[in-house]
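*Asks:* The structure is given below, and queries will be raised subsequently.
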Amino acid sequence: MRVKLRRFREGSFHTEEYSLEDVEGLTVLELLYRIREELDPSLSFRAMCRSSVCGTCTLKINGEHRLACNTRVEGEEILLEPPDVFPPLKDLVVSQDSIPDRLRKAKVWVVPGDREAGPAEVGRISRPRDCILCGVCDSVCPPLIEGKAFGGPLLFTRFYSVFDDPRDGRGEERLGDILPFNVQSCVHCGNCNLFCPKGCMPERWITLTESRLLRGGYISRKEEDFGFLGF
Ligand code: SF4
Ligand code: SF4
Ligand code: FES
């Protein structure tokens, strides 16, 4: 198999090619470890759990953003690139500093209130809570790709998992925290839903957050917004 790697070094990208035998059935992450162990010890990439849990191994694989550890190698040729949107640091590694920064600014952590909740109630936030902060959704989000001021699907997914948590004590106050992240910059293209490796459906939580902000009077309906037809 021919493996093309788009590597970032000293301020610019270049593409390197490697040839490997007997790789059918490996994951992309295993392929990268083989390149590093057998051909190029200088290769940098990021990974930890190898099992779709830590969210660190996001790459652009043949043009699609995916987790390297749960994508199988197939065909005669593969192109691996760092994910879009996040600033490149070295080879396939990007800076993910903006993720904790945004979560911190929007105060996305549970502050225990005085309520207890059973599994059924907590279950309603199981989808957004499955988010592993991999950044795939942000990397395929048109407003972020265009550099618009927008919190992004990752932030809104994690926000909703806290906002709708029955055990959280801050409730409606949280709408003020998320307001600066321009929920209405979402164009509802559905890319984030399509590519999220954990099935978190980010666009759903964006839509629900927008409707709560509208109801609370924090924002007004966009002029071009035709409700369910809005895009
Ligand atoms: S919502 Fe999905 S794609 Fe986005 S960061 Fe979370 S797990 Fe990754
Ligand atoms: S639906 Fe919204 S958040 Fe998701 S990728 Fe499209 S513009 Fe971005
Ligand atoms: S290595 Fe942890 S998600 Fe891929």
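Convention: chains lettered A, B, ... in structure tokens order; per-chain residue numbering from 1; ligands numbered from 1 as shown.
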Tell me, counting only C-alpha atoms and all ligand atoms, for each residue of chain A within 8 Å of ligand 1, which pair of atoms is nearest and how far apart they are in Å to one decimal, in rows ordered by chain and increasing number, as CSV.
*Replies:*
```
residue,atom,partner,partner_atom_place_in_ligand_line,distance
A:Gly55,CA,ligand 1,8 (Fe),6.8
A:Pro128,CA,ligand 1,1 (S),6.9
A:Asp130,CA,ligand 1,7 (S),6.7
A:Cys131,CA,ligand 1,6 (Fe),3.6
A:Ile132,CA,ligand 1,7 (S),4.5
A:Leu133,CA,ligand 1,5 (S),3.7
A:Cys134,CA,ligand 1,8 (Fe),4.0
A:Gly135,CA,ligand 1,5 (S),4.1
A:Val136,CA,ligand 1,3 (S),4.3
A:Cys137,CA,ligand 1,3 (S),4.1
A:Asp138,CA,ligand 1,4 (Fe),6.5
A:Pro153,CA,ligand 1,4 (Fe),6.2
A:Leu154,CA,ligand 1,4 (Fe),4.5
A:Leu155,CA,ligand 1,5 (S),8.0
A:Thr157,CA,ligand 1,1 (S),5.8
A:Arg158,CA,ligand 1,6 (Fe),7.5
A:Cys192,CA,ligand 1,3 (S),6.4
A:Asn193,CA,ligand 1,2 (Fe),7.7
A:Phe195,CA,ligand 1,3 (S),6.5
A:Cys196,CA,ligand 1,3 (S),3.6
A:Pro197,CA,ligand 1,2 (Fe),5.7
A:Lys198,CA,ligand 1,7 (S),5.2
A:Gly199,CA,ligand 1,2 (Fe),6.4
A:Cys200,CA,ligand 1,2 (Fe),5.2
A:Met201,CA,ligand 1,1 (S),6.7
A:Pro202,CA,ligand 1,1 (S),5.4
```
*Asks:* What do you get as a compact mmCIF listing (two decimals) with all heavy atoms, in the first residue's frame if you pick all residues at most 8 Å from ligand 2, counting only C-alpha atoms and all ligand atoms?
*Replies:*
```
# COMPACT_ATOMS: atom_id res chain seq x y z
N CYS A 137 -16.57 17.01 14.50
CA CYS A 137 -17.70 17.88 14.10
C CYS A 137 -17.23 19.29 13.79
O CYS A 137 -17.64 19.89 12.80
CB CYS A 137 -18.77 17.88 15.19
SG CYS A 137 -18.15 18.29 16.83
N ASP A 138 -16.34 19.83 14.62
CA ASP A 138 -15.83 21.18 14.35
C ASP A 138 -15.08 21.23 13.02
O ASP A 138 -15.16 22.21 12.28
CB ASP A 138 -14.87 21.64 15.46
CG ASP A 138 -15.62 22.13 16.70
OD1 ASP A 138 -16.86 22.06 16.72
OD2 ASP A 138 -14.94 22.56 17.65
N VAL A 140 -15.63 19.71 10.32
CA VAL A 140 -16.47 19.64 9.11
C VAL A 140 -17.56 20.71 9.12
O VAL A 140 -18.51 20.65 8.35
CB VAL A 140 -17.11 18.23 8.95
CG1 VAL A 140 -16.05 17.17 8.78
CG2 VAL A 140 -18.02 17.89 10.14
N CYS A 141 -17.41 21.68 10.00
CA CYS A 141 -18.46 22.69 10.19
C CYS A 141 -18.18 23.93 9.32
O CYS A 141 -17.20 24.65 9.56
CB CYS A 141 -18.49 23.07 11.67
SG CYS A 141 -19.65 24.39 12.04
N PRO A 142 -19.00 24.19 8.30
CA PRO A 142 -18.71 25.30 7.38
C PRO A 142 -18.44 26.65 8.05
O PRO A 142 -17.46 27.32 7.69
CB PRO A 142 -19.94 25.34 6.45
CG PRO A 142 -20.46 23.94 6.47
CD PRO A 142 -20.20 23.43 7.87
N PRO A 143 -19.24 27.10 9.02
CA PRO A 143 -18.93 28.41 9.61
C PRO A 143 -17.54 28.45 10.26
O PRO A 143 -16.84 29.46 10.19
CB PRO A 143 -20.03 28.61 10.67
CG PRO A 143 -21.12 27.69 10.28
CD PRO A 143 -20.49 26.54 9.56
N LEU A 144 -17.13 27.35 10.90
CA LEU A 144 -15.79 27.33 11.51
C LEU A 144 -14.71 27.28 10.43
O LEU A 144 -13.67 27.94 10.55
CB LEU A 144 -15.64 26.13 12.46
CG LEU A 144 -16.48 26.19 13.74
CD1 LEU A 144 -16.20 24.98 14.62
CD2 LEU A 144 -16.21 27.46 14.53
N GLY A 152 -19.26 26.41 17.76
CA GLY A 152 -19.02 25.13 17.11
C GLY A 152 -19.84 23.99 17.71
O GLY A 152 -20.27 24.06 18.86
N PRO A 153 -20.05 22.93 16.94
CA PRO A 153 -20.90 21.82 17.38
C PRO A 153 -20.38 21.10 18.61
O PRO A 153 -21.16 20.65 19.45
CB PRO A 153 -20.93 20.89 16.16
CG PRO A 153 -19.83 21.33 15.27
CD PRO A 153 -19.58 22.77 15.55
N SER A 185 -25.11 31.16 14.09
CA SER A 185 -24.18 31.01 12.98
C SER A 185 -24.26 29.62 12.36
O SER A 185 -23.73 29.38 11.28
CB SER A 185 -22.73 31.25 13.44
OG SER A 185 -22.56 32.59 13.76
N CYS A 186 -24.89 28.69 13.05
CA CYS A 186 -25.06 27.33 12.50
C CYS A 186 -25.96 27.42 11.26
O CYS A 186 -27.01 28.05 11.30
CB CYS A 186 -25.69 26.43 13.55
SG CYS A 186 -26.17 24.81 12.91
N VAL A 187 -25.53 26.77 10.18
CA VAL A 187 -26.34 26.79 8.95
C VAL A 187 -27.14 25.49 8.79
O VAL A 187 -27.74 25.25 7.75
CB VAL A 187 -25.47 27.06 7.70
CG1 VAL A 187 -24.87 28.45 7.74
CG2 VAL A 187 -24.38 26.01 7.54
N HIS A 188 -27.11 24.65 9.82
CA HIS A 188 -27.90 23.41 9.85
C HIS A 188 -27.65 22.51 8.63
O HIS A 188 -28.58 21.95 8.07
CB HIS A 188 -29.39 23.74 10.03
CG HIS A 188 -29.64 24.48 11.31
ND1 HIS A 188 -29.71 23.86 12.53
CD2 HIS A 188 -29.77 25.82 11.56
CE1 HIS A 188 -29.89 24.76 13.48
NE2 HIS A 188 -29.92 25.96 12.92
N CYS A 189 -26.38 22.42 8.26
CA CYS A 189 -26.03 21.58 7.10
C CYS A 189 -26.07 20.09 7.44
O CYS A 189 -26.14 19.25 6.55
CB CYS A 189 -24.63 21.96 6.59
SG CYS A 189 -23.33 21.59 7.80
N GLY A 190 -25.94 19.76 8.73
CA GLY A 190 -25.99 18.35 9.14
C GLY A 190 -24.66 17.61 9.06
O GLY A 190 -24.59 16.43 9.40
N ASN A 191 -23.59 18.28 8.62
CA ASN A 191 -22.28 17.60 8.54
C ASN A 191 -21.88 17.00 9.88
O ASN A 191 -21.34 15.90 9.95
CB ASN A 191 -21.18 18.60 8.14
CG ASN A 191 -21.20 18.89 6.67
OD1 ASN A 191 -22.00 18.33 5.94
ND2 ASN A 191 -20.32 19.78 6.22
N CYS A 192 -22.10 17.77 10.95
CA CYS A 192 -21.66 17.29 12.27
C CYS A 192 -22.39 16.01 12.66
O CYS A 192 -21.79 15.07 13.19
CB CYS A 192 -21.84 18.38 13.33
SG CYS A 192 -23.48 19.11 13.34
N ASN A 193 -23.68 15.95 12.37
CA ASN A 193 -24.45 14.72 12.67
C ASN A 193 -23.92 13.54 11.86
O ASN A 193 -23.81 12.43 12.36
CB ASN A 193 -25.92 14.91 12.30
CG ASN A 193 -26.62 15.89 13.22
OD1 ASN A 193 -26.06 16.32 14.21
ND2 ASN A 193 -27.86 16.24 12.89
N PRO A 202 -24.85 16.51 17.09
CA PRO A 202 -24.65 17.88 17.60
C PRO A 202 -25.69 18.89 17.12
O PRO A 202 -26.11 19.76 17.88
CB PRO A 202 -23.26 18.26 17.06
CG PRO A 202 -22.57 16.96 16.82
CD PRO A 202 -23.64 15.98 16.45
N GLU A 203 -26.11 18.80 15.88
CA GLU A 203 -27.03 19.81 15.35
C GLU A 203 -28.35 19.84 16.13
O GLU A 203 -28.98 20.89 16.27
CB GLU A 203 -27.27 19.54 13.86
CG GLU A 203 -27.99 20.65 13.13
CD GLU A 203 -29.44 20.31 12.89
OE1 GLU A 203 -29.83 19.16 13.16
OE2 GLU A 203 -30.19 21.20 12.43
N ILE A 206 -27.82 22.02 19.11
CA ILE A 206 -27.74 23.43 18.68
C ILE A 206 -29.15 23.97 18.47
O ILE A 206 -29.50 25.06 18.93
CB ILE A 206 -26.90 23.53 17.39
CG1 ILE A 206 -25.43 23.25 17.71
CG2 ILE A 206 -27.07 24.90 16.73
CD1 ILE A 206 -24.54 23.11 16.51
```
*Asks:* Where does DSSP see alpha helix (DSSP H) in segment 34-230 of chain A, if you list the residues as an mmCIF file with C-alpha atoms, in the first residue's frame?
*Replies:*
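Result file is selection37.cif:
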```
data_model
loop_
_atom_site.group_PDB
_atom_site.id
_atom_site.type_symbol
_atom_site.label_atom_id
_atom_site.label_comp_id
_atom_site.auth_asym_id
_atom_site.auth_seq_id
_atom_site.Cartn_x
_atom_site.Cartn_y
_atom_site.Cartn_z
ATOM 1 C CA ARG A 34 4.042 0.698 11.859
ATOM 2 C CA SER A 98 -9.421 25.926 21.814
ATOM 3 C CA ILE A 99 -11.507 23.005 23.129
ATOM 4 C CA PRO A 100 -10.847 23.462 26.869
ATOM 5 C CA ASP A 101 -10.750 27.240 26.346
ATOM 6 C CA ARG A 102 -14.286 27.288 24.941
ATOM 7 C CA LEU A 103 -15.611 24.876 27.567
ATOM 8 C CA ARG A 104 -14.094 27.012 30.291
ATOM 9 C CA LYS A 105 -15.494 30.268 28.884
ATOM 10 C CA PRO A 119 -31.375 6.706 35.295
ATOM 11 C CA ALA A 120 -34.364 7.490 33.041
ATOM 12 C CA GLU A 121 -34.034 11.237 33.573
ATOM 13 C CA VAL A 122 -30.264 11.209 33.195
ATOM 14 C CA GLY A 123 -30.674 8.995 30.125
ATOM 15 C CA SER A 126 -26.873 10.237 27.089
ATOM 16 C CA ARG A 127 -26.265 11.219 23.468
ATOM 17 C CA PRO A 128 -24.583 14.586 24.053
ATOM 18 C CA ARG A 129 -22.783 13.129 27.055
ATOM 19 C CA VAL A 136 -14.484 15.810 14.094
ATOM 20 C CA CYS A 137 -17.697 17.876 14.104
ATOM 21 C CA ASP A 138 -15.835 21.185 14.350
ATOM 22 C CA SER A 139 -13.535 20.142 11.504
ATOM 23 C CA PRO A 142 -18.711 25.299 7.375
ATOM 24 C CA PRO A 143 -18.926 28.414 9.614
ATOM 25 C CA LEU A 144 -15.791 27.331 11.510
ATOM 26 C CA ILE A 145 -13.992 26.459 8.261
ATOM 27 C CA PRO A 153 -20.896 21.825 17.381
ATOM 28 C CA LEU A 154 -18.515 20.339 19.952
ATOM 29 C CA LEU A 155 -19.164 23.173 22.406
ATOM 30 C CA PHE A 156 -22.944 23.148 21.954
ATOM 31 C CA THR A 157 -23.088 19.368 22.370
ATOM 32 C CA ARG A 158 -21.195 19.447 25.637
ATOM 33 C CA PHE A 159 -23.112 22.536 26.748
ATOM 34 C CA TYR A 160 -26.459 20.831 26.293
ATOM 35 C CA SER A 161 -25.326 17.747 28.205
ATOM 36 C CA VAL A 162 -24.789 20.001 31.224
ATOM 37 C CA PHE A 163 -27.682 22.433 30.634
ATOM 38 C CA GLU A 173 -28.461 31.007 34.089
ATOM 39 C CA ARG A 174 -26.469 28.916 31.634
ATOM 40 C CA LEU A 175 -28.225 30.507 28.677
ATOM 41 C CA GLY A 176 -26.331 33.718 29.430
ATOM 42 C CA ASP A 177 -23.049 31.747 29.381
ATOM 43 C CA ILE A 178 -23.664 30.260 25.926
ATOM 44 C CA ASN A 191 -22.282 17.603 8.543
ATOM 45 C CA CYS A 192 -21.657 17.287 12.273
ATOM 46 C CA ASN A 193 -24.448 14.719 12.668
ATOM 47 C CA LEU A 194 -23.162 12.755 9.704
ATOM 48 C CA PHE A 195 -19.528 12.528 10.759
ATOM 49 C CA PRO A 202 -24.649 17.884 17.599
ATOM 50 C CA GLU A 203 -27.034 19.814 15.353
ATOM 51 C CA ARG A 204 -29.957 18.623 17.466
ATOM 52 C CA TRP A 205 -28.510 20.258 20.614
ATOM 53 C CA ILE A 206 -27.737 23.429 18.683
ATOM 54 C CA THR A 207 -31.345 23.620 17.532
ATOM 55 C CA LEU A 208 -32.641 23.006 21.062
ATOM 56 C CA THR A 209 -30.258 25.575 22.530
ATOM 57 C CA GLU A 210 -31.362 28.136 19.941
ATOM 58 C CA SER A 211 -34.989 27.508 20.754
ATOM 59 C CA ARG A 212 -34.325 27.950 24.501
ATOM 60 C CA LEU A 213 -32.464 31.207 23.792
ATOM 61 C CA LEU A 214 -35.376 32.399 21.649
ATOM 62 C CA ARG A 215 -37.918 31.482 24.293
#
```
*Asks:* Kindly provide, as JSON, numbers by chain, all nucleotide and amino acid residues lying within 10 Å of ligand 3, counting only C-alpha atoms and all ligand atoms.
*Replies:* {"A": [28, 29, 46, 47, 48, 49, 50, 51, 52, 53, 54, 55, 56, 57, 58, 59, 66, 67, 68, 69, 70, 71, 132, 133, 134, 197]}
*Asks:* Excluding Arg9 of chain A and any residue of its chain fewer than 5 positions from it, enumerate the residues within 10 Å of it, using only C-alpha atoms, and give them as a list in words.
*Replies:* His14, Pro88, Leu89, Lys90, Asp91 and Leu92 of chain A
*Asks:* Any chance you can output those residues with C-alpha atoms as an mmCIF file, in the first residue's frame?
*Replies:*
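The result, stored in out.cif:
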```
data_model
loop_
_atom_site.group_PDB
_atom_site.id
_atom_site.type_symbol
_atom_site.label_atom_id
_atom_site.label_comp_id
_atom_site.auth_asym_id
_atom_site.auth_seq_id
_atom_site.Cartn_x
_atom_site.Cartn_y
_atom_site.Cartn_z
ATOM 1 C CA HIS A 14 4.725 18.834 2.568
ATOM 2 C CA PRO A 88 -1.223 22.476 12.979
ATOM 3 C CA LEU A 89 1.715 21.943 15.350
ATOM 4 C CA LYS A 90 3.880 19.124 13.968
ATOM 5 C CA ASP A 91 3.269 16.484 11.294
ATOM 6 C CA LEU A 92 -0.277 15.201 11.991
#
```
*Asks:* Please return as a PDB file with C-alpha atoms, in the first residue's frame: the residues of segment 36-150 of chain A that backbone DSSP assigns to strand (DSSP E or B).
*Replies:*
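result22.pdb, freshly written:
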```pdb
ATOM      1  CA  THR A  58      -8.801  12.582  14.720  1.00  0.00           C
ATOM      2  CA  LEU A  59      -7.333  12.788  11.214  1.00  0.00           C
ATOM      3  CA  LYS A  60      -8.462  13.605   7.702  1.00  0.00           C
ATOM      4  CA  ILE A  61      -8.407  10.197   6.045  1.00  0.00           C
ATOM      5  CA  GLU A  64     -12.950  12.599   5.447  1.00  0.00           C
ATOM      6  CA  HIS A  65     -12.536  13.410   9.124  1.00  0.00           C
ATOM      7  CA  ARG A  66     -12.501  10.254  11.223  1.00  0.00           C
ATOM      8  CA  LEU A  67     -10.905   8.641  14.259  1.00  0.00           C
ATOM      9  CA  ARG A  72      -9.768   0.342   8.778  1.00  0.00           C
ATOM     10  CA  GLU A  77      -3.424   4.095  -1.496  1.00  0.00           C
ATOM     11  CA  ILE A  78      -4.338   6.243   1.476  1.00  0.00           C
ATOM     12  CA  LEU A  79      -3.889   9.967   2.195  1.00  0.00           C
ATOM     13  CA  LEU A  80      -3.597  11.044   5.825  1.00  0.00           C
ATOM     14  CA  GLU A  81      -3.724  14.716   6.820  1.00  0.00           C
ATOM     15  CA  PRO A  88      -1.223  22.476  12.979  1.00  0.00           C
ATOM     16  CA  LEU A  89       1.715  21.943  15.350  1.00  0.00           C
ATOM     17  CA  LYS A  90       3.880  19.124  13.968  1.00  0.00           C
ATOM     18  CA  VAL A  93      -0.590  16.833  15.416  1.00  0.00           C
ATOM     19  CA  VAL A  94      -2.810  19.906  15.824  1.00  0.00           C
ATOM     20  CA  PRO A 112     -24.573  20.068  41.693  1.00  0.00           C
TER      21      PRO A 112
END
```
*Asks:* Within 9 Å of Asp114 of chain A, counting only C-alpha atoms, which residues qualify if same-chain residues fewer than 3 places away don't, as a PyMOL selection string?
*Replies:* chain A and resi 167-169
*Asks:* Report, in Å to a single decimal, how far apart atom CA of Asp165 of chain A and atom CA of Gly113 of chain A are.
*Replies:* 10.2 Å
*Asks:* Can you measure atom CA of Asp22 of chain A to atom CA of Leu39 of chain A for me? One decimal in Å is fine.
*Replies:*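 Separation of atom CA of Asp22 of chain A and atom CA of Leu39 of chain A: 14.6 Å.
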